[in-house]
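Printed here is run.txt (compact mmCIF, C-alpha atoms and all ligand atoms):
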```txt
# COMPACT_ATOMS: atom_id res chain seq x y z
CA MET A 310 147.07 -61.21 -40.01
CA ASN A 311 143.57 -60.02 -40.94
CA THR A 312 141.49 -62.14 -43.31
CA PRO A 313 141.01 -60.44 -46.71
CA LEU A 314 137.60 -58.95 -47.43
CA LYS A 315 135.34 -61.34 -49.37
CA ILE A 316 132.07 -59.88 -50.69
CA THR A 317 129.19 -62.37 -50.85
CA GLY A 318 125.43 -62.19 -51.35
CA LYS A 319 125.06 -61.71 -47.60
CA THR A 320 127.62 -58.94 -47.05
CA GLY A 321 126.30 -56.16 -44.82
CA VAL A 322 127.06 -52.62 -45.98
CA CYS A 323 128.13 -49.66 -43.86
CA GLY A 324 129.71 -46.38 -44.89
CA VAL A 325 130.12 -42.66 -44.45
CA ILE A 326 128.18 -39.83 -46.09
CA GLY A 327 129.70 -36.36 -46.27
CA ASP A 328 131.21 -33.84 -48.63
CA PRO A 329 134.17 -34.08 -48.98
CA VAL A 330 134.98 -37.65 -47.93
CA GLY A 331 138.25 -38.15 -49.81
CA HIS A 332 140.32 -37.63 -46.65
CA THR A 333 138.34 -40.00 -44.40
CA VAL A 334 140.20 -42.73 -42.50
CA SER A 335 136.96 -44.47 -41.46
CA PRO A 336 136.95 -47.06 -44.31
CA ALA A 337 140.45 -48.23 -43.31
CA MET A 338 139.50 -48.36 -39.64
CA HIS A 339 136.17 -50.19 -40.04
CA ASN A 340 137.17 -52.62 -42.80
CA ALA A 341 140.17 -53.71 -40.70
CA ALA A 342 137.86 -54.19 -37.72
CA PHE A 343 135.31 -56.27 -39.72
CA SER A 344 138.11 -58.36 -41.12
CA ALA A 345 139.79 -58.90 -37.74
CA LEU A 346 136.54 -60.25 -36.29
CA GLY A 347 135.66 -62.24 -39.43
CA LEU A 348 132.42 -60.25 -39.88
CA ASN A 349 130.77 -60.26 -43.31
CA PHE A 350 130.58 -56.47 -43.63
CA VAL A 351 132.11 -53.82 -45.89
CA TYR A 352 132.49 -50.05 -45.29
CA MET A 353 132.39 -47.57 -48.19
CA PRO A 354 132.85 -43.79 -48.59
CA PHE A 355 129.90 -41.98 -50.23
CA ARG A 356 130.40 -38.36 -51.29
CA VAL A 357 126.95 -36.81 -50.90
CA PRO A 358 126.54 -33.09 -51.73
CA LYS A 359 124.00 -31.16 -49.63
CA LYS A 360 121.35 -31.20 -52.35
CA ASP A 361 121.38 -35.04 -52.42
CA LEU A 362 121.16 -35.72 -48.69
CA ALA A 363 117.46 -36.70 -48.65
CA ASP A 364 117.95 -39.06 -51.62
CA ALA A 365 120.98 -40.62 -49.91
CA VAL A 366 119.00 -41.31 -46.72
CA GLN A 367 116.15 -42.76 -48.78
CA GLY A 368 118.77 -44.85 -50.60
CA MET A 369 119.98 -46.21 -47.26
CA ARG A 370 116.47 -47.62 -46.70
CA ALA A 371 116.06 -48.87 -50.27
CA LEU A 372 119.46 -50.59 -50.38
CA ASN A 373 119.23 -51.87 -46.81
CA ILE A 374 122.51 -50.27 -45.78
CA ARG A 375 123.04 -51.29 -42.15
CA GLY A 376 124.90 -48.27 -40.87
CA LEU A 377 126.26 -44.90 -41.87
CA ASN A 378 128.58 -42.37 -40.35
CA VAL A 379 127.48 -38.82 -41.07
CA THR A 380 130.07 -36.10 -41.41
CA ILE A 381 130.40 -32.48 -42.54
CA PRO A 382 128.13 -30.87 -43.76
CA HIS A 383 125.20 -33.17 -42.88
CA LYS A 384 125.32 -33.78 -39.10
CA VAL A 385 122.47 -31.38 -38.27
CA GLU A 386 120.31 -31.50 -41.42
CA VAL A 387 120.15 -35.32 -41.45
CA MET A 388 118.17 -35.35 -38.19
CA ALA A 389 114.93 -34.30 -39.88
CA LEU A 390 115.18 -37.28 -42.28
CA LEU A 391 115.40 -40.04 -39.65
CA ASP A 392 112.70 -42.02 -37.80
CA GLU A 393 114.17 -41.77 -34.31
CA ILE A 394 116.87 -39.72 -32.61
CA GLU A 395 118.58 -40.87 -29.40
CA PRO A 396 117.92 -38.38 -26.58
CA SER A 397 121.63 -37.51 -26.20
CA ALA A 398 121.96 -36.77 -29.94
CA ARG A 399 118.78 -34.67 -29.71
CA ALA A 400 120.25 -32.64 -26.83
CA ILE A 401 123.52 -32.13 -28.73
CA GLY A 402 121.63 -31.27 -31.91
CA ALA A 403 123.79 -33.44 -34.19
CA VAL A 404 123.91 -37.02 -35.46
CA ASN A 405 127.13 -38.74 -36.60
CA VAL A 406 125.83 -42.32 -36.77
CA ILE A 407 122.72 -43.89 -38.34
CA VAL A 408 121.62 -47.44 -37.51
CA ASN A 409 119.15 -49.11 -39.90
CA ASP A 410 117.01 -51.64 -38.04
CA LYS A 411 114.82 -53.29 -40.70
CA GLY A 412 114.02 -49.96 -42.32
CA LEU A 413 113.76 -47.91 -39.11
CA LEU A 414 116.54 -45.31 -39.18
CA LYS A 415 117.87 -44.28 -35.77
CA GLY A 416 120.21 -41.30 -35.34
CA CYS A 417 122.91 -41.41 -32.65
CA ASN A 418 125.88 -39.35 -31.56
CA THR A 419 129.09 -41.23 -30.75
CA ASP A 420 131.35 -38.13 -30.92
CA ALA A 421 130.36 -37.18 -27.36
CA PRO A 422 130.77 -40.59 -25.67
CA GLY A 423 133.83 -41.25 -27.89
CA PHE A 424 135.49 -38.15 -26.47
CA MET A 425 134.63 -39.15 -22.89
CA ARG A 426 135.91 -42.67 -23.47
CA ALA A 427 139.23 -41.30 -24.76
CA LEU A 428 139.61 -39.36 -21.50
CA LYS A 429 138.56 -42.29 -19.34
CA GLU A 430 141.04 -44.63 -21.03
CA ARG A 431 143.80 -42.18 -20.01
CA GLY A 432 142.55 -42.03 -16.43
CA ILE A 433 141.28 -38.42 -16.67
CA LYS A 434 138.30 -37.63 -14.42
CA VAL A 435 136.15 -34.58 -15.18
CA LYS A 436 133.57 -34.58 -12.38
CA GLY A 437 133.86 -31.44 -10.28
CA ARG A 438 136.66 -30.03 -12.48
CA THR A 439 136.72 -26.97 -14.69
CA VAL A 440 137.45 -27.61 -18.36
CA VAL A 441 138.59 -24.85 -20.71
CA ILE A 442 137.19 -25.29 -24.22
CA LEU A 443 138.64 -23.49 -27.25
CA GLY A 444 136.04 -23.20 -30.00
CA ALA A 445 132.27 -23.35 -30.35
CA GLY A 446 131.75 -25.30 -33.58
CA GLY A 447 130.07 -28.65 -34.23
CA ALA A 448 132.58 -30.85 -32.41
CA SER A 449 132.70 -28.43 -29.48
CA ARG A 450 128.96 -28.70 -28.93
CA ALA A 451 129.07 -32.50 -28.58
CA ILE A 452 132.14 -32.33 -26.32
CA CYS A 453 130.67 -29.58 -24.11
CA PHE A 454 127.44 -31.56 -23.60
CA ALA A 455 129.41 -34.70 -22.76
CA LEU A 456 131.69 -32.93 -20.27
CA ALA A 457 128.88 -31.02 -18.55
CA SER A 458 126.76 -34.20 -18.37
CA GLY A 459 129.78 -35.85 -16.73
CA GLY A 460 129.80 -33.19 -14.01
CA ALA A 461 132.43 -30.73 -15.32
CA GLY A 462 132.15 -26.94 -15.20
CA LEU A 463 133.12 -25.26 -18.47
CA ILE A 464 134.75 -22.10 -19.73
CA ILE A 465 134.16 -21.78 -23.49
CA LEU A 466 136.28 -19.31 -25.46
CA ASN A 467 135.46 -18.64 -29.09
CA ARG A 468 136.61 -16.24 -31.80
CA THR A 469 132.94 -15.47 -32.48
CA PRO A 470 131.76 -14.85 -28.90
CA GLY A 471 128.02 -15.12 -29.66
CA ARG A 472 128.31 -18.83 -30.45
CA ALA A 473 130.06 -19.52 -27.15
CA SER A 474 127.35 -17.61 -25.23
CA GLN A 475 124.61 -19.57 -27.00
CA TYR A 476 126.31 -22.88 -26.14
CA ALA A 477 126.76 -21.80 -22.53
CA ALA A 478 123.04 -20.98 -22.21
CA ASP A 479 121.94 -24.26 -23.87
CA ILE A 480 124.29 -26.44 -21.82
CA THR A 481 123.49 -24.81 -18.49
CA LYS A 482 119.79 -25.24 -19.22
CA ALA A 483 120.19 -28.92 -20.16
CA THR A 484 122.68 -30.01 -17.48
CA GLY A 485 122.57 -27.41 -14.67
CA GLN A 486 126.38 -27.06 -14.82
CA THR A 487 128.18 -23.72 -14.56
CA VAL A 488 129.27 -22.67 -18.04
CA GLU A 489 131.09 -19.39 -18.72
CA ALA A 490 131.54 -17.95 -22.21
CA MET A 491 134.34 -15.54 -23.20
CA PRO A 492 135.74 -14.00 -26.35
CA LEU A 493 138.90 -15.86 -27.36
CA ASN A 494 141.95 -13.67 -26.68
CA PRO A 495 145.28 -14.24 -24.89
CA GLN A 496 144.22 -12.41 -21.69
CA ASN A 497 140.97 -14.36 -21.26
CA LEU A 498 142.72 -17.61 -22.04
CA ALA A 499 145.40 -16.98 -19.41
CA VAL A 500 142.70 -16.33 -16.77
CA ALA A 501 140.75 -19.43 -17.82
CA MET A 502 143.87 -21.62 -17.63
CA GLU A 503 144.42 -20.54 -14.02
CA LYS A 504 140.93 -21.84 -13.16
CA GLY A 505 140.92 -24.96 -15.35
CA ARG A 506 142.71 -28.30 -15.03
CA ILE A 507 141.87 -29.57 -18.53
CA LEU A 508 142.18 -27.68 -21.83
CA VAL A 509 140.44 -28.95 -24.97
CA ASN A 510 141.17 -27.48 -28.39
CA THR A 511 138.09 -28.07 -30.54
CA THR A 512 139.04 -25.51 -33.19
CA SER A 513 140.68 -26.48 -36.46
CA VAL A 514 143.75 -24.36 -35.59
CA GLY A 515 146.89 -26.52 -35.83
CA MET A 516 145.43 -28.79 -38.49
CA SER A 517 147.63 -29.68 -41.48
CA PRO A 518 148.81 -27.83 -43.60
CA GLU A 519 148.91 -25.08 -40.89
CA ALA A 520 150.51 -27.48 -38.41
CA SER A 521 152.77 -24.86 -36.79
CA GLU A 522 149.75 -22.79 -35.59
CA THR A 523 148.45 -22.72 -32.01
CA LEU A 524 146.02 -20.50 -30.10
CA VAL A 525 147.76 -21.12 -26.77
CA LYS A 526 150.95 -19.35 -25.62
CA SER A 527 153.17 -22.08 -24.21
CA ASP A 528 153.94 -20.23 -20.95
CA ILE A 529 150.34 -20.56 -19.68
CA ILE A 530 150.47 -24.39 -19.84
CA LYS A 531 151.52 -25.84 -16.46
CA PRO A 532 152.41 -29.39 -15.38
CA GLN A 533 149.05 -29.77 -13.56
CA HIS A 534 147.13 -29.31 -16.86
CA THR A 535 145.91 -32.04 -19.17
CA VAL A 536 145.78 -30.76 -22.76
CA VAL A 537 143.49 -32.44 -25.28
CA ASP A 538 143.62 -31.57 -28.98
CA ILE A 539 140.86 -33.07 -31.11
CA VAL A 540 142.75 -32.21 -34.32
CA TYR A 541 144.08 -35.57 -35.55
CA ASN A 542 146.09 -34.53 -38.59
CA PRO A 543 148.88 -34.24 -37.51
CA VAL A 544 148.44 -36.60 -34.56
CA LYS A 545 150.92 -34.59 -32.49
CA THR A 546 149.95 -30.96 -33.00
CA ARG A 547 152.02 -27.92 -32.08
CA LEU A 548 149.74 -27.46 -29.03
CA LEU A 549 150.44 -31.01 -27.84
CA LYS A 550 154.19 -30.58 -28.40
CA ASP A 551 154.15 -27.38 -26.31
CA ALA A 552 152.09 -29.13 -23.61
CA GLU A 553 154.57 -32.00 -23.46
CA LYS A 554 157.46 -29.55 -23.10
CA ALA A 555 155.59 -27.83 -20.25
CA GLY A 556 155.26 -31.16 -18.44
CA ALA A 557 151.46 -31.33 -18.89
CA GLY A 558 149.52 -34.49 -19.74
CA THR A 559 148.35 -34.82 -23.36
CA ILE A 560 145.62 -36.64 -25.28
CA ASN A 561 145.50 -36.53 -29.08
CA GLY A 562 142.59 -36.39 -31.52
CA LEU A 563 143.18 -39.90 -32.80
CA ASP A 564 141.83 -41.30 -29.53
CA MET A 565 138.46 -39.56 -29.98
CA LEU A 566 138.35 -40.51 -33.66
CA VAL A 567 138.96 -44.17 -32.87
CA TRP A 568 136.48 -44.30 -29.98
CA GLN A 569 133.64 -42.63 -31.91
CA GLY A 570 134.28 -45.25 -34.61
CA ALA A 571 134.45 -48.11 -32.11
CA LEU A 572 131.10 -47.13 -30.57
CA ALA A 573 129.50 -46.91 -34.04
CA PHE A 574 130.95 -50.32 -34.94
CA GLU A 575 129.37 -51.83 -31.82
CA LYS A 576 125.95 -50.36 -32.68
CA TRP A 577 126.05 -51.78 -36.24
CA THR A 578 127.50 -55.22 -35.52
CA GLY A 579 126.65 -55.96 -31.88
CA HIS A 580 130.31 -56.97 -31.41
CA ARG A 581 132.93 -55.39 -29.19
CA ALA A 582 135.21 -53.28 -31.40
CA PRO A 583 138.88 -54.28 -31.79
CA VAL A 584 140.03 -50.83 -30.72
CA GLU A 585 143.79 -51.35 -31.04
CA ILE A 586 143.43 -52.63 -34.61
CA MET A 587 141.22 -49.65 -35.46
CA ARG A 588 143.80 -47.26 -33.96
CA LYS A 589 146.65 -48.87 -35.91
CA GLU A 590 144.74 -48.72 -39.22
CA ALA A 591 143.56 -45.14 -38.66
CA LEU A 592 147.15 -44.10 -38.01
CA ARG A 593 148.37 -45.94 -41.08
CA ALA A 594 145.66 -44.28 -43.23
CA LEU A 595 146.47 -40.83 -41.78
CA LYS A 596 150.13 -41.23 -42.75
CA GLY A 597 149.00 -41.88 -46.32
CA ILE A 598 146.90 -38.66 -46.56
N1 LIG B 1 139.12 -36.26 -33.28
C1 LIG B 1 137.89 -36.35 -33.74
O1 LIG B 1 137.24 -37.41 -33.69
C2 LIG B 1 137.23 -35.14 -34.34
C3 LIG B 1 135.84 -35.10 -34.49
C4 LIG B 1 135.26 -33.95 -35.04
C5 LIG B 1 136.08 -32.89 -35.43
N2 LIG B 1 137.42 -32.99 -35.29
C6 LIG B 1 138.31 -31.86 -35.68
O2 LIG B 1 137.91 -30.74 -34.92
C7 LIG B 1 138.12 -29.53 -35.66
C8 LIG B 1 136.83 -28.69 -35.64
O3 LIG B 1 135.79 -29.40 -36.30
P1 LIG B 1 134.26 -28.86 -36.29
O4 LIG B 1 133.49 -29.83 -37.09
O5 LIG B 1 133.82 -28.52 -34.93
O6 LIG B 1 134.43 -27.49 -37.15
P2 LIG B 1 133.49 -26.20 -37.13
O7 LIG B 1 132.10 -26.54 -36.75
O8 LIG B 1 133.75 -25.54 -38.44
O9 LIG B 1 134.09 -25.26 -35.95
C9 LIG B 1 135.37 -24.70 -36.07
C10 LIG B 1 135.72 -23.94 -34.79
O10 LIG B 1 137.07 -23.47 -34.92
C11 LIG B 1 137.11 -22.06 -34.74
N3 LIG B 1 138.19 -21.51 -35.56
C12 LIG B 1 138.48 -21.83 -36.84
N4 LIG B 1 139.55 -21.12 -37.26
C13 LIG B 1 139.95 -20.34 -36.20
C14 LIG B 1 141.00 -19.40 -36.00
N5 LIG B 1 141.88 -19.10 -36.98
N6 LIG B 1 141.10 -18.80 -34.80
C15 LIG B 1 140.23 -19.09 -33.80
N7 LIG B 1 139.22 -19.98 -33.93
C16 LIG B 1 139.08 -20.59 -35.13
C17 LIG B 1 135.75 -21.58 -35.13
O11 LIG B 1 135.50 -20.31 -34.55
P3 LIG B 1 134.29 -19.36 -35.09
O12 LIG B 1 133.03 -19.85 -34.42
O13 LIG B 1 134.70 -18.01 -34.65
O14 LIG B 1 134.27 -19.52 -36.60
C18 LIG B 1 134.88 -22.69 -34.53
O15 LIG B 1 134.73 -22.50 -33.15
C19 LIG B 1 138.57 -29.98 -37.05
O16 LIG B 1 139.97 -29.90 -37.10
C20 LIG B 1 138.12 -31.42 -37.13
O17 LIG B 1 138.95 -32.21 -37.99
C21 LIG B 1 138.03 -34.08 -34.73
```
For the structure just supplied, provide its representation as C-alpha cells.
Amino acid sequence: MNTPLKITGKTGVCGVIGDPVGHTVSPAMHNAAFSALGLNFVYMPFRVPKKDLADAVQGMRALNIRGLNVTIPHKVEVMALLDEIEPSARAIGAVNVIVNDKGLLKGCNTDAPGFMRALKERGIKVKGRTVVILGAGGASRAICFALASGGAGLIILNRTPGRASQYAADITKATGQTVEAMPLNPQNLAVAMEKGRILVNTTSVGMSPEASETLVKSDIIKPQHTVVDIVYNPVKTRLLKDAEKAGAGTINGLDMLVWQGALAFEKWTGHRAPVEIMRKEALRALKGI
C-alpha cells in the first residue's frame, strides 16, 4: 500500500506543461512513484497555451519547480528558453524533460532512451537490423535517432514524403546509418516489411476513438517480425492485435510511456524509479480516460 501524499513546507514540485493536458496519465504515474518511495514530491498538470510558454518557464525558475515534462505543442519551442540542452536532445531537436538545478534549467529527451529501454526489456536487439518506421512526426524523430544511434538501418514511410526525406538526411548525417525514405502506400510498405525485422508505428493511426484503424494490411506481418505501436490508448491497438494473430512479437506504447517517465523521475529525484508501480498506475489512469 502506498503512503498517502502529504504536502509540507519542503515538498518538491514537478509537473507537466502542455496544451491540452487533461488526458495526461503522468500525474498518476509519478505521484504513485513518489509515494511508493516515500519521497516528499508532488506532480501537477499545468495547461500552458503557446502564448504563455516563456512565462511558464520563467515561473519554473521563480517558483523553484524541480522538474517538468514538456508535451505537445512545446517540445521544440521550449529549447530556446533553457540554459542547457543535453547533446542527444539537441540532435533530436526536441525536449520532453526539464531539470531545474538551483535555477539552471537543463533540457533533456527521455522519449528516445525510453523507447530503446522498452525494446531492451523485451529482449529486442536493433544493432545491424533494419527497422521500418511508419510516420515522421515528433515522436518518430526521437525514435529514429535512438534506433540509428543504436546501430539500426531505417526505412521511414510517411504520408507527407518530404518530412521522411528530411529525417533521413538529418539522421544519416548525424549517425552515418543507412536511412531510406518512402511515401507511405501499401506497395512500399510491403517491400519495406520484406527487408525489415522490426516495424514501429509512430503515427497516431489506431488511437482512440479511431481504434479500429490500421495502416498495415495484416497479410504482410510475418512471425519473424516484431511490431511496436507507440499509440498507448488503447494499449492493444488493432495493429498489435493483427500482429499477434500473425504470430509476430509485439510491444505496446505503454512501455515507452512508462520508461520515458521512469527516466525523468530518476533525473529529478536521483532515485531508481519503481517501474512496475508506474506501469500499473498509468494503466489504471488510462482505463479512466
Ligand atoms: N508511447 C509514448 O510514450 C508516446 C510518446 C509520444 C507520442 N506517442 C503517440 O504517438 C503518436 C504520434 O505522436 P507525435 O507527437 O509524433 O504526433 P505528430 O508529430 O503530430 O506526428 C503524427 C504522424 O502521424 C502521421 N499521420 C497522422 N494521421 C495519419 C493518417 N491518417 N495516415 C497516415 N499518417 C498519418 C503524420 O503524417 P504527416 O506527416 O503526413 O502529417 C505524422 O507522421 C500519438 O498517437 C501519440 O499519442 C506515444
Taking only C-alpha atoms and all ligand atoms into account, which residues are within 9 Å of ligand LIG 1 (chain B), as a ChimeraX atom specification?
-> /A:380-382,420,423-424,443-451,466-473,493,510-517,522-524,538-542,561-570
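Using only C-alpha atoms, the nearest neighbour of Lys434 in chain A within the list A:Thr546, A:Gln475, A:Arg506, A:Asp551 is A:Arg506.
The two atoms in question, CA of Gly485 in chain A and CA of Ala457 in chain A, are spaced 8.2 Å apart.
The interatomic distance for the pair CA of His332 in chain A and CA of Ala455 in chain A works out to 26.4 Å.
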Residue among A:Ile442, A:Leu362, A:Leu463, A:Ile433 lying closest to Leu508 in chain A, counting all atoms listed in the file = A:Ile442
Rank nothing, just name the residue among A:Thr320, A:Gln533, A:Ser521, A:Thr484 nearest to Leu549 in chain A, using all atoms listed in the file.
->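 The shortest atom-to-atom distance to Leu549 in chain A comes from A:Ser521.
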Find, counting only C-alpha atoms, the residue in A:Val351, A:Val357, A:Met502, A:Ala371 that gets nearest to Pro329 in chain A.
->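 Among A:Val351, A:Val357, A:Met502, A:Ala371, it is A:Val357 that comes nearest to Pro329 in chain A.
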Could you check how far CA of Ile374 in chain A sits from CA of Lys596 in chain A, in Å to one decimal?
->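 Between CA of Ile374 in chain A and CA of Lys596 in chain A the gap works out to 29.2 Å.
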With C-alpha atoms as the atom set, please write range 332-352 of chain A from the structure just given, as a PDB file, in the first residue's frame.
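part-v7.pdb, written as the output of this step:
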```
ATOM      1  CA  HIS A 332      -5.736  13.414 -20.811  1.00  0.00           C
ATOM      2  CA  THR A 333      -2.260  13.006 -19.270  1.00  0.00           C
ATOM      3  CA  VAL A 334      -1.532   9.921 -17.158  1.00  0.00           C
ATOM      4  CA  SER A 335       1.787  11.334 -15.909  1.00  0.00           C
ATOM      5  CA  PRO A 336       0.423  12.739 -12.597  1.00  0.00           C
ATOM      6  CA  ALA A 337      -0.961   9.301 -11.656  1.00  0.00           C
ATOM      7  CA  MET A 338       2.285   7.590 -12.642  1.00  0.00           C
ATOM      8  CA  HIS A 339       4.676   9.998 -10.887  1.00  0.00           C
ATOM      9  CA  ASN A 340       2.656  10.625  -7.721  1.00  0.00           C
ATOM     10  CA  ALA A 341       2.363   6.859  -7.199  1.00  0.00           C
ATOM     11  CA  ALA A 342       6.126   6.538  -7.684  1.00  0.00           C
ATOM     12  CA  PHE A 343       6.931   9.367  -5.200  1.00  0.00           C
ATOM     13  CA  SER A 344       4.565   7.846  -2.701  1.00  0.00           C
ATOM     14  CA  ALA A 345       5.931   4.302  -3.123  1.00  0.00           C
ATOM     15  CA  LEU A 346       9.456   5.531  -2.365  1.00  0.00           C
ATOM     16  CA  GLY A 347       8.323   7.874   0.428  1.00  0.00           C
ATOM     17  CA  LEU A 348       9.716  10.914  -1.445  1.00  0.00           C
ATOM     18  CA  ASN A 349       8.422  14.360  -0.488  1.00  0.00           C
ATOM     19  CA  PHE A 350       7.420  15.375  -4.017  1.00  0.00           C
ATOM     20  CA  VAL A 351       4.183  16.173  -5.831  1.00  0.00           C
ATOM     21  CA  TYR A 352       3.449  16.155  -9.599  1.00  0.00           C
TER      22      TYR A 352
END
```
